[in-house]
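S.K.: Below is a structure I'd like to ask you about.
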Amino acid sequence: MTATRPLWIFSTIALTLKQIGQVFRKFLKADRKITVNGQAVEPIDPLMLSDPNTTLMLETEIEVEAGGRVVLRVVELPDLGQAGNKDRGIIAQNSGFYILRNNREIREAETFDFYKKHPDFSHFRAEILFDGSLDTVFHTDVKKMSINPSQSFLDKLRQATQGLITQAGNQGRARANTKRGQIDHSLAEGNITRRATLIPKPKSLVEERSARRKKESHAQGTGLRKRTPYVTDLKTISGLKVVFEEGNYGEGPFYHVRQEGRTIYVVYNREHPFWRELLEHATEPKVVATLDYLVFAMANAELLVPNHARVVKENVNTTLVGLLV
């Protein structure tokens, strides 16, 4: 494939038409042609910039240490209702940063650990564009398919987007009508907080201990120790809180979890059949607390090992739907 050819032909390729349309969308929008077995490929824009209801939140350039500039666009996708959002792929798994090198997408829906995948952020999308001269900044691999951006760039990217990510989360919770609700979860919330020292912690809730100092000696090392987040002998920062809420998340799982500073929020999905079972026993504090403990244990595991826990969560949710619907 070269820049001078008017037509690209893919006869055998693992990518679907939609994936090809997304990866090469910039070229297709510039009137280049791509066909797969004689079928024309249409551009697919995950930022939906051509939709008049998409809000462009930010368009700027970020200076990088190599002397170049990276283009950044951030959008808030429109709310098309539960069915419409699902049909257009406006879901948590697709939120994040889409990375384009020389106008070709090489990574999709990256979060760079700025936030965790959650339905509240489903409408957040961003696009990062850079050219091949900045490969040293992004540490692009030989195949030009993956990146490992420099910490300096990530710091600038976080500074530029963190407020917009927080805003997207707030708007997502407003759409889902997330709030405290009428069920009393205070028994579980209080007990979990009191027993926090016995609970495995997400990395951001593990206290960084300072190194010991000997008299007339320098500190040993940096004072930071690597800690495995899923063991039970970690020291917890003071002020750890757990809050149970409820929201409308359609056909999604029966709970979602997010972490804000020192607080872990577990949000029940009112539209899940499991919620009806919880409501039926909501007058029994011990029953509510027992269910809260179980759900918190799963939610905490999801924060600790998100990739592995997500698979378990999906299977548990499918089983519950099959049993309760």
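Starting from 1 in every chain, residues are counted up; chains themselves are A, B, ... following the order of the structure tokens, and ligands are numbered from 1 as listed.
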Tell me, which residues of range 13-127 of chain A carry DSSP strand (DSSP E or B), written as an MDAnalysis selection string?

M.R.: chainID A and resid 33:36 39:40 55:63 69:76 96:101 104:110 124:127

S.K.: Quick check for you: according to DSSP on this backbone, which residues of range 88-277 of chain A are classed as alpha helix (DSSP H)? Reply as number ranges by chain.

M.R.: A: 135-138, 151-175, 186-194, 273-277

S.K.: With N, CA and C atoms retained, write the just-selected residues as a CSV table (one decimal), in the first residue's frame.

M.R.:
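What landed in again-v9.csv:
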```
chain,number,residue,atom,x,y,z
A,135,ASP,N,7.9,8.3,17.0
A,135,ASP,CA,8.0,6.9,17.4
A,135,ASP,C,8.8,6.7,18.7
A,136,THR,N,9.8,7.5,18.9
A,136,THR,CA,10.7,7.4,20.1
A,136,THR,C,9.9,7.9,21.3
A,137,VAL,N,8.9,8.8,21.2
A,137,VAL,CA,8.1,9.2,22.3
A,137,VAL,C,7.1,8.2,22.7
A,138,PHE,N,6.5,7.5,21.6
A,138,PHE,CA,5.5,6.5,21.9
A,138,PHE,C,6.0,5.1,22.0
A,151,GLN,N,6.4,8.7,30.0
A,151,GLN,CA,5.7,9.2,31.2
A,151,GLN,C,5.4,10.7,31.1
A,152,SER,N,6.4,11.4,30.4
A,152,SER,CA,6.2,12.8,30.2
A,152,SER,C,4.9,13.1,29.4
A,153,PHE,N,4.7,12.4,28.3
A,153,PHE,CA,3.5,12.6,27.5
A,153,PHE,C,2.3,12.2,28.3
A,154,LEU,N,2.3,11.1,29.0
A,154,LEU,CA,1.1,10.6,29.7
A,154,LEU,C,0.7,11.7,30.8
A,155,ASP,N,1.7,12.3,31.4
A,155,ASP,CA,1.4,13.3,32.4
A,155,ASP,C,0.7,14.5,31.8
A,156,LYS,N,1.2,14.9,30.6
A,156,LYS,CA,0.5,16.0,29.9
A,156,LYS,C,-0.9,15.6,29.4
A,157,LEU,N,-1.0,14.4,29.0
A,157,LEU,CA,-2.3,13.9,28.5
A,157,LEU,C,-3.3,13.8,29.6
A,158,ARG,N,-2.9,13.3,30.8
A,158,ARG,CA,-3.7,13.3,32.0
A,158,ARG,C,-4.2,14.7,32.4
A,159,GLN,N,-3.2,15.6,32.4
A,159,GLN,CA,-3.6,17.0,32.8
A,159,GLN,C,-4.6,17.6,31.8
A,160,ALA,N,-4.5,17.3,30.5
A,160,ALA,CA,-5.4,17.9,29.6
A,160,ALA,C,-6.8,17.2,29.6
A,161,THR,N,-6.9,16.0,30.0
A,161,THR,CA,-8.1,15.2,29.9
A,161,THR,C,-8.8,14.8,31.2
A,162,GLN,N,-8.1,14.9,32.3
A,162,GLN,CA,-8.7,14.4,33.6
A,162,GLN,C,-10.0,15.1,34.0
A,163,GLY,N,-10.0,16.4,33.8
A,163,GLY,CA,-11.3,17.1,34.1
A,163,GLY,C,-12.4,16.7,33.2
A,164,LEU,N,-12.2,16.4,31.9
A,164,LEU,CA,-13.2,16.0,31.0
A,164,LEU,C,-13.6,14.6,31.3
A,165,ILE,N,-12.7,13.7,31.7
A,165,ILE,CA,-13.1,12.3,32.1
A,165,ILE,C,-14.0,12.4,33.3
A,166,THR,N,-13.6,13.2,34.3
A,166,THR,CA,-14.5,13.3,35.5
A,166,THR,C,-15.9,13.9,35.1
A,167,GLN,N,-15.9,14.8,34.2
A,167,GLN,CA,-17.2,15.4,33.8
A,167,GLN,C,-18.0,14.3,33.1
A,168,ALA,N,-17.4,13.5,32.2
A,168,ALA,CA,-18.1,12.4,31.5
A,168,ALA,C,-18.7,11.4,32.5
A,169,GLY,N,-17.9,11.1,33.6
A,169,GLY,CA,-18.4,10.2,34.6
A,169,GLY,C,-19.6,10.8,35.3
A,170,ASN,N,-19.6,12.1,35.6
A,170,ASN,CA,-20.7,12.7,36.3
A,170,ASN,C,-21.9,12.7,35.4
A,171,GLN,N,-21.8,13.0,34.1
A,171,GLN,CA,-22.9,13.0,33.2
A,171,GLN,C,-23.4,11.6,33.1
A,172,GLY,N,-22.6,10.6,33.1
A,172,GLY,CA,-23.0,9.2,33.0
A,172,GLY,C,-23.9,8.8,34.2
A,173,ARG,N,-23.4,9.2,35.3
A,173,ARG,CA,-24.2,8.9,36.5
A,173,ARG,C,-25.5,9.6,36.6
A,174,ALA,N,-25.6,10.8,36.0
A,174,ALA,CA,-26.8,11.6,35.9
A,174,ALA,C,-27.8,10.8,35.0
A,175,ARG,N,-27.3,10.3,33.8
A,175,ARG,CA,-28.1,9.6,32.9
A,175,ARG,C,-28.7,8.4,33.5
A,186,SER,N,-26.1,0.6,55.6
A,186,SER,CA,-25.2,1.2,56.6
A,186,SER,C,-24.5,0.0,57.4
A,187,LEU,N,-25.2,-1.1,57.6
A,187,LEU,CA,-24.6,-2.2,58.4
A,187,LEU,C,-23.4,-2.7,57.7
A,188,ALA,N,-23.5,-3.0,56.4
A,188,ALA,CA,-22.3,-3.5,55.6
A,188,ALA,C,-21.3,-2.4,55.4
A,189,GLU,N,-21.7,-1.2,55.1
A,189,GLU,CA,-20.7,-0.1,54.9
A,189,GLU,C,-19.8,0.1,56.2
A,190,GLY,N,-20.5,0.1,57.3
A,190,GLY,CA,-19.7,0.3,58.5
A,190,GLY,C,-18.8,-0.8,58.9
A,191,ASN,N,-19.3,-2.0,58.7
A,191,ASN,CA,-18.5,-3.2,59.0
A,191,ASN,C,-17.3,-3.4,58.1
A,192,ILE,N,-17.5,-3.1,56.8
A,192,ILE,CA,-16.4,-3.2,55.8
A,192,ILE,C,-15.4,-2.2,56.1
A,193,THR,N,-15.7,-1.0,56.4
A,193,THR,CA,-14.8,0.0,56.8
A,193,THR,C,-14.0,-0.3,58.0
A,194,ARG,N,-14.6,-0.8,59.0
A,194,ARG,CA,-13.9,-1.2,60.3
A,194,ARG,C,-13.0,-2.3,60.1
A,273,PRO,N,-32.7,-8.3,37.1
A,273,PRO,CA,-33.6,-9.2,38.0
A,273,PRO,C,-33.1,-9.4,39.4
A,274,PHE,N,-31.8,-9.4,39.6
A,274,PHE,CA,-31.3,-9.5,40.9
A,274,PHE,C,-31.8,-8.4,41.9
A,275,TRP,N,-32.0,-7.2,41.3
A,275,TRP,CA,-32.4,-6.1,42.1
A,275,TRP,C,-33.8,-6.4,42.8
A,276,ARG,N,-34.7,-7.1,42.0
A,276,ARG,CA,-36.0,-7.4,42.6
A,276,ARG,C,-35.8,-8.3,43.8
A,277,GLU,N,-34.9,-9.3,43.7
A,277,GLU,CA,-34.7,-10.2,44.8
A,277,GLU,C,-34.2,-9.4,46.1
```

S.K.: Let me make sure I understand: among A:Val305, A:Met57, A:Pro78, A:Arg88, which one has the smallest atom-to-atom distance to Ile44 in chain A if we use only C-alpha atoms?

M.R.: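 Closest residue, counting only C-alpha atoms: A:Arg88.
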
S.K.: Please determine, counting only C-alpha atoms, which residue among A:Val266, A:His272, A:Tyr293, A:Phe24 has the shortest atom-to-atom distance to Ile199 in chain A.

M.R.: A:Tyr293

S.K.: Could you name the residues that touch Glu260 in chain A at 12 Å or less, counting only C-alpha atoms, but leaving out those on the same chain fewer than 6 positions away, as a PyMOL selection string?

M.R.: chain A and resi 114-116+166+169-170+202+204-205+240-243+266+303

S.K.: Skipping near chain neighbours, those fewer than 5 positions away, what residues fall within 10 Å of Glu59 in chain A using only C-alpha atoms, listed as a ChimeraX atom specification?

M.R.: /A:71-75,126-127

S.K.: Env of range 110-112 of chain A: 8 Å cut, atoms = only C-alpha atoms, seq-sep filter 5 positions within chain, self excluded. Answer as a PDB file with C-alpha atoms, in the first residue's frame.

M.R.:
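Full text of around-v5.pdb as output:
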```
ATOM      1  CA  SER A  95     -14.732   4.242  25.626  1.00  0.00           C
ATOM      2  CA  GLY A  96     -11.226   5.651  25.781  1.00  0.00           C
ATOM      3  CA  PHE A  97      -8.405   6.914  23.577  1.00  0.00           C
ATOM      4  CA  TYR A  98      -8.029   5.901  19.928  1.00  0.00           C
ATOM      5  CA  LYS A 117     -13.962   0.849  32.178  1.00  0.00           C
ATOM      6  CA  LEU A 154       1.139  10.629  29.739  1.00  0.00           C
TER       7      LEU A 154
END
```

S.K.: Which distance in Å separates CA of Arg104 in chain A and CA of Val23 in chain A, to one decimal?

M.R.: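 Going from CA of Arg104 in chain A over to CA of Val23 in chain A, I get 5.7 Å.
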
S.K.: I'd like to know which of A:Ala299, A:Ala83, A:Leu198, A:Leu47 is closest to Gly250 in chain A, using only C-alpha atoms.

M.R.: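 Checking each candidate against Gly250 in chain A, we get A:Ala83 as the closest.
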